[in-house]
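Peer 1: What follows is a single structure, and I will ask about it in a moment.
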Amino acid sequence: MVRANFIRDARAKLPSIMPNLETLVIASGHEVVDAPMLPTKFLYLKHLTVRLVSGSTISRPYDHFSLVSFLEASPFLQTLILNVIAVRMAHELILTDSELRHMPQHHHGFLKSVKISGFSSAMSLVELTCHILENATSLEHLTLDTIHGPRCGQVKFTRCIPIARDVSVEAPRAISAVRTYTENKVPSTVKLTILEPCSLCHATAR
């Protein structure tokens with residue numbers, strides 16, 4: 001189900017309504033309010049997928065860093081998949097490393113695999129990625145994909161999903177943000193995979 005502010009509502013309401021959740025998939029087409037920091041917990045949650053349409057509101061960009069709330073609430077989370085679908089590229093630019101926000105240190109000791117699709121140079125996405133690298137002590141795999149859909153070579157897909165030109169233009173900025181702000185934070189025990197637009201399927205979008 002996709003509805004407005006579903007991410008906020010899921011964080012606020014589900015821990016008390018469905019406390020034994022082990023797998024949670026959230027899809028939101030319009031988030032006006034960021035995910036709140038709350039004391040409630042998902043004590044059994046192991047797998048979390050968040051699909052978010054970003055840039056659907058002109059008021060301000062969505063604060064992806066607020067999704068740390070789910071990490072804080074899920075002490076036994078093992079996998080995180082974040083799929084960001086950008087309607088328009090509207091986000092804060094990073095000027096210096098010192099401007100990045102940091103949460104008080106919390107160790108997400110069971111988080112092993114993280115994939116962010118639709119990764120961009122949005123400051124809040126970079127902040128979220130840095131937080132994960134600095135606090136997920138058992139992390140093994142981090143995948144940052146600059147597009148948000150399936151790629152050629154995957155099961156049942158012979159071509160990558162088409163992308164808009166602004167996504168193609170944004171991709172080098174996203175890669176640059178990774179190189180500048182996150183790559184030096186990747187421990188030797190973590191396999192970092194960075195995926196650019198496909199040189200075959202997305203050549204015409206550049």
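Scheme for the structure tokens: letters A, B, ... for chains in order shown; per-chain residue numbers from 1; ligand numbers from 1 in order shown.
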Within stretch 28-199 of chain A, find each residue whose DSSP state, derived from the backbone, is helix (DSSP H, G or I), and express the selection as number ranges by chain.

Peer 2: A: 64-73, 97-99, 123-135, 165-185

Peer 1: Find the residues around A:Glu140 up to 12 Å (only C-alpha atoms counted), leave out those fewer than 2 positions away in its own chain, and share them as a list in words.

Peer 2: Gln78, Thr79, Gly109, Phe110, Leu111, Lys112, Ser113, Val114, Lys115, Ile132, Leu133, Ala136, Thr137, Ser138, Leu142, Thr143, Val186, Pro187, Ser188, Thr189, Val190, Lys191, Leu192 and Thr193 of chain A

Peer 1: Create the file for the chosen residues now, containing C-alpha atoms and written as a JSON list (two decimals), in the first residue's frame.

Peer 2:
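Result saved to part.json:
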[["chain", "number", "residue", "atom", "x", "y", "z"],
["A", 78, "GLN", "CA", 20.06, -7.46, 9.50],
["A", 79, "THR", "CA", 19.19, -6.01, 6.09],
["A", 109, "GLY", "CA", 25.51, -4.72, 15.78],
["A", 110, "PHE", "CA", 23.43, -7.05, 13.57],
["A", 111, "LEU", "CA", 23.13, -4.97, 10.39],
["A", 112, "LYS", "CA", 25.03, -6.85, 7.68],
["A", 113, "SER", "CA", 23.68, -5.70, 4.32],
["A", 114, "VAL", "CA", 22.56, -2.27, 3.11],
["A", 115, "LYS", "CA", 21.48, -1.26, -0.38],
["A", 132, "ILE", "CA", 25.58, 3.42, 8.83],
["A", 133, "LEU", "CA", 29.28, 3.06, 8.09],
["A", 136, "ALA", "CA", 26.99, -0.77, 11.82],
["A", 137, "THR", "CA", 29.79, -2.80, 13.37],
["A", 138, "SER", "CA", 28.82, -6.06, 11.61],
["A", 142, "LEU", "CA", 27.05, -1.73, 1.17],
["A", 143, "THR", "CA", 25.63, -1.12, -2.30],
["A", 186, "VAL", "CA", 34.41, 2.17, 4.68],
["A", 187, "PRO", "CA", 36.12, -0.44, 6.89],
["A", 188, "SER", "CA", 38.28, -3.09, 5.25],
["A", 189, "THR", "CA", 35.70, -5.71, 6.27],
["A", 190, "VAL", "CA", 32.93, -4.06, 4.21],
["A", 191, "LYS", "CA", 32.47, -4.65, 0.48],
["A", 192, "LEU", "CA", 31.42, -1.35, -1.12],
["A", 193, "THR", "CA", 29.67, -1.58, -4.49]]

Peer 1: At a cut-off of 9 Å, using only C-alpha atoms, what residues contact A:Ile161? Leave out same-chain residues fewer than 6 positions from it and give the result as a list of chain:residue names.

Peer 2: A:Ile147, A:His148, A:Gly149, A:Pro150, A:Arg151, A:Cys152, A:Cys201, A:His202

Peer 1: Mind writing the picked residues with N, CA and C atoms as an mmCIF file, in the first residue's frame?

Peer 2:
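Done, and the output landed in part-v9.cif:
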data_model
loop_
_atom_site.group_PDB
_atom_site.id
_atom_site.type_symbol
_atom_site.label_atom_id
_atom_site.label_comp_id
_atom_site.auth_asym_id
_atom_site.auth_seq_id
_atom_site.Cartn_x
_atom_site.Cartn_y
_atom_site.Cartn_z
ATOM 1 N N ILE A 147 20.759 4.459 -9.831
ATOM 2 C CA ILE A 147 19.403 4.382 -10.379
ATOM 3 C C ILE A 147 18.546 3.578 -9.411
ATOM 4 N N HIS A 148 17.227 3.629 -9.590
ATOM 5 C CA HIS A 148 16.356 3.051 -8.571
ATOM 6 C C HIS A 148 15.650 1.773 -8.992
ATOM 7 N N GLY A 149 15.832 1.323 -10.211
ATOM 8 C CA GLY A 149 15.073 0.165 -10.672
ATOM 9 C C GLY A 149 15.947 -1.024 -11.012
ATOM 10 N N PRO A 150 15.330 -2.071 -11.565
ATOM 11 C CA PRO A 150 16.088 -3.268 -11.951
ATOM 12 C C PRO A 150 17.062 -2.974 -13.081
ATOM 13 N N ARG A 151 18.105 -3.776 -13.143
ATOM 14 C CA ARG A 151 19.149 -3.617 -14.155
ATOM 15 C C ARG A 151 19.174 -4.822 -15.090
ATOM 16 N N CYS A 152 19.725 -4.603 -16.272
ATOM 17 C CA CYS A 152 19.854 -5.702 -17.220
ATOM 18 C C CYS A 152 20.768 -6.773 -16.624
ATOM 19 N N CYS A 201 22.374 0.556 -21.625
ATOM 20 C CA CYS A 201 20.947 0.906 -21.595
ATOM 21 C C CYS A 201 20.699 2.398 -21.401
ATOM 22 N N HIS A 202 21.614 3.090 -20.750
ATOM 23 C CA HIS A 202 21.374 4.489 -20.402
ATOM 24 C C HIS A 202 22.242 5.459 -21.194
#

Peer 1: Which polymer residues have any atom within 8 Å of an atom of stretch 70-73 of chain A, counting only C-alpha atoms, with same-chain residues fewer than 2 positions away left out, as a PyMOL selection string?

Peer 2: chain A and resi 11+38-43+67-68+75+77+106+108

Peer 1: Okay, now the selection with N, CA and C atoms, as a PDB file, in the first residue's frame?

Peer 2:
ATOM      1  N   ARG A  11       6.589   4.288  11.579  1.00  0.00           N
ATOM      2  CA  ARG A  11       7.502   4.422  12.722  1.00  0.00           C
ATOM      3  C   ARG A  11       6.746   4.728  14.007  1.00  0.00           C
ATOM      4  N   LEU A  38      11.656   8.146  18.328  1.00  0.00           N
ATOM      5  CA  LEU A  38      10.745   7.739  19.390  1.00  0.00           C
ATOM      6  C   LEU A  38      11.381   6.629  20.221  1.00  0.00           C
ATOM      7  N   PRO A  39      10.914   6.438  21.448  1.00  0.00           N
ATOM      8  CA  PRO A  39      11.494   5.385  22.294  1.00  0.00           C
ATOM      9  C   PRO A  39      10.994   3.982  21.962  1.00  0.00           C
ATOM     10  N   THR A  40       9.926   3.864  21.186  1.00  0.00           N
ATOM     11  CA  THR A  40       9.364   2.549  20.879  1.00  0.00           C
ATOM     12  C   THR A  40      10.306   1.753  19.981  1.00  0.00           C
ATOM     13  N   LYS A  41      10.216   0.413  20.070  1.00  0.00           N
ATOM     14  CA  LYS A  41      11.164  -0.461  19.387  1.00  0.00           C
ATOM     15  C   LYS A  41      10.475  -1.506  18.512  1.00  0.00           C
ATOM     16  N   PHE A  42      11.197  -1.903  17.439  1.00  0.00           N
ATOM     17  CA  PHE A  42      10.865  -3.101  16.666  1.00  0.00           C
ATOM     18  C   PHE A  42      11.840  -4.188  17.125  1.00  0.00           C
ATOM     19  N   LEU A  43      11.511  -4.881  18.174  1.00  0.00           N
ATOM     20  CA  LEU A  43      12.472  -5.785  18.801  1.00  0.00           C
ATOM     21  C   LEU A  43      12.732  -7.055  18.003  1.00  0.00           C
ATOM     22  N   LEU A  67      15.635   8.573   8.749  1.00  0.00           N
ATOM     23  CA  LEU A  67      15.410   7.123   8.749  1.00  0.00           C
ATOM     24  C   LEU A  67      16.308   6.404   9.747  1.00  0.00           C
ATOM     25  N   VAL A  68      17.284   7.115  10.290  1.00  0.00           N
ATOM     26  CA  VAL A  68      18.082   6.555  11.387  1.00  0.00           C
ATOM     27  C   VAL A  68      17.168   6.113  12.524  1.00  0.00           C
ATOM     28  N   PRO A  75      17.074  -3.088  17.003  1.00  0.00           N
ATOM     29  CA  PRO A  75      18.408  -3.526  17.440  1.00  0.00           C
ATOM     30  C   PRO A  75      18.900  -4.804  16.771  1.00  0.00           C
ATOM     31  N   LEU A  77      18.126  -5.622  13.458  1.00  0.00           N
ATOM     32  CA  LEU A  77      17.978  -5.488  12.007  1.00  0.00           C
ATOM     33  C   LEU A  77      19.210  -6.034  11.294  1.00  0.00           C
ATOM     34  N   HIS A 106      25.667   4.966  18.209  1.00  0.00           N
ATOM     35  CA  HIS A 106      24.908   3.767  18.555  1.00  0.00           C
ATOM     36  C   HIS A 106      25.391   2.646  17.650  1.00  0.00           C
ATOM     37  N   HIS A 108      24.827  -0.561  15.641  1.00  0.00           N
ATOM     38  CA  HIS A 108      23.824  -1.442  15.045  1.00  0.00           C
ATOM     39  C   HIS A 108      24.523  -2.770  14.763  1.00  0.00           C
TER      40      HIS A 108
END

Peer 1: Which of stretch 28-201 of chain A end up as strand (DSSP E) when DSSP is run on this backbone - answer as a ChimeraX atom specification?

Peer 2: /A:28-30,47-54,79-86,113-117,141-145,191-195

Peer 1: Please compute the atom CA of A:Ala171-atom CA of A:Phe157 distance, one decimal, in Å.

Peer 2: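 About the pair atom CA of A:Ala171 and atom CA of A:Phe157: they are 21.8 Å apart.
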
Peer 1: Quick check, in Å to one decimal: how far apart do atom CA of A:Leu48 and atom CA of A:Thr23 lie?

Peer 2: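 Result for atom CA of A:Leu48 versus atom CA of A:Thr23: 6.0 Å, one decimal.
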
Peer 1: Which is closer to A:Gly153 than all the others in A:Leu200, A:Val33, A:Val25, A:Val84, using only C-alpha atoms?

Peer 2: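 Closest candidate: A:Leu200.
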
Peer 1: Taking only C-alpha atoms into account, which of A:His30, A:Thr158, A:Ser168, A:Thr180 comes nearest A:Ser199?

Peer 2: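 Selected residue with least distance to A:Ser199: A:Ser168.
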
Peer 1: Would you mind telling me which residue in A:Ile17, A:Ile81, A:Ala12, A:Ala174 lies nearest to A:Leu52 when using only C-alpha atoms?

Peer 2: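 Between A:Ile17, A:Ile81, A:Ala12, A:Ala174, the residue approaching A:Leu52 most closely is A:Ile81.
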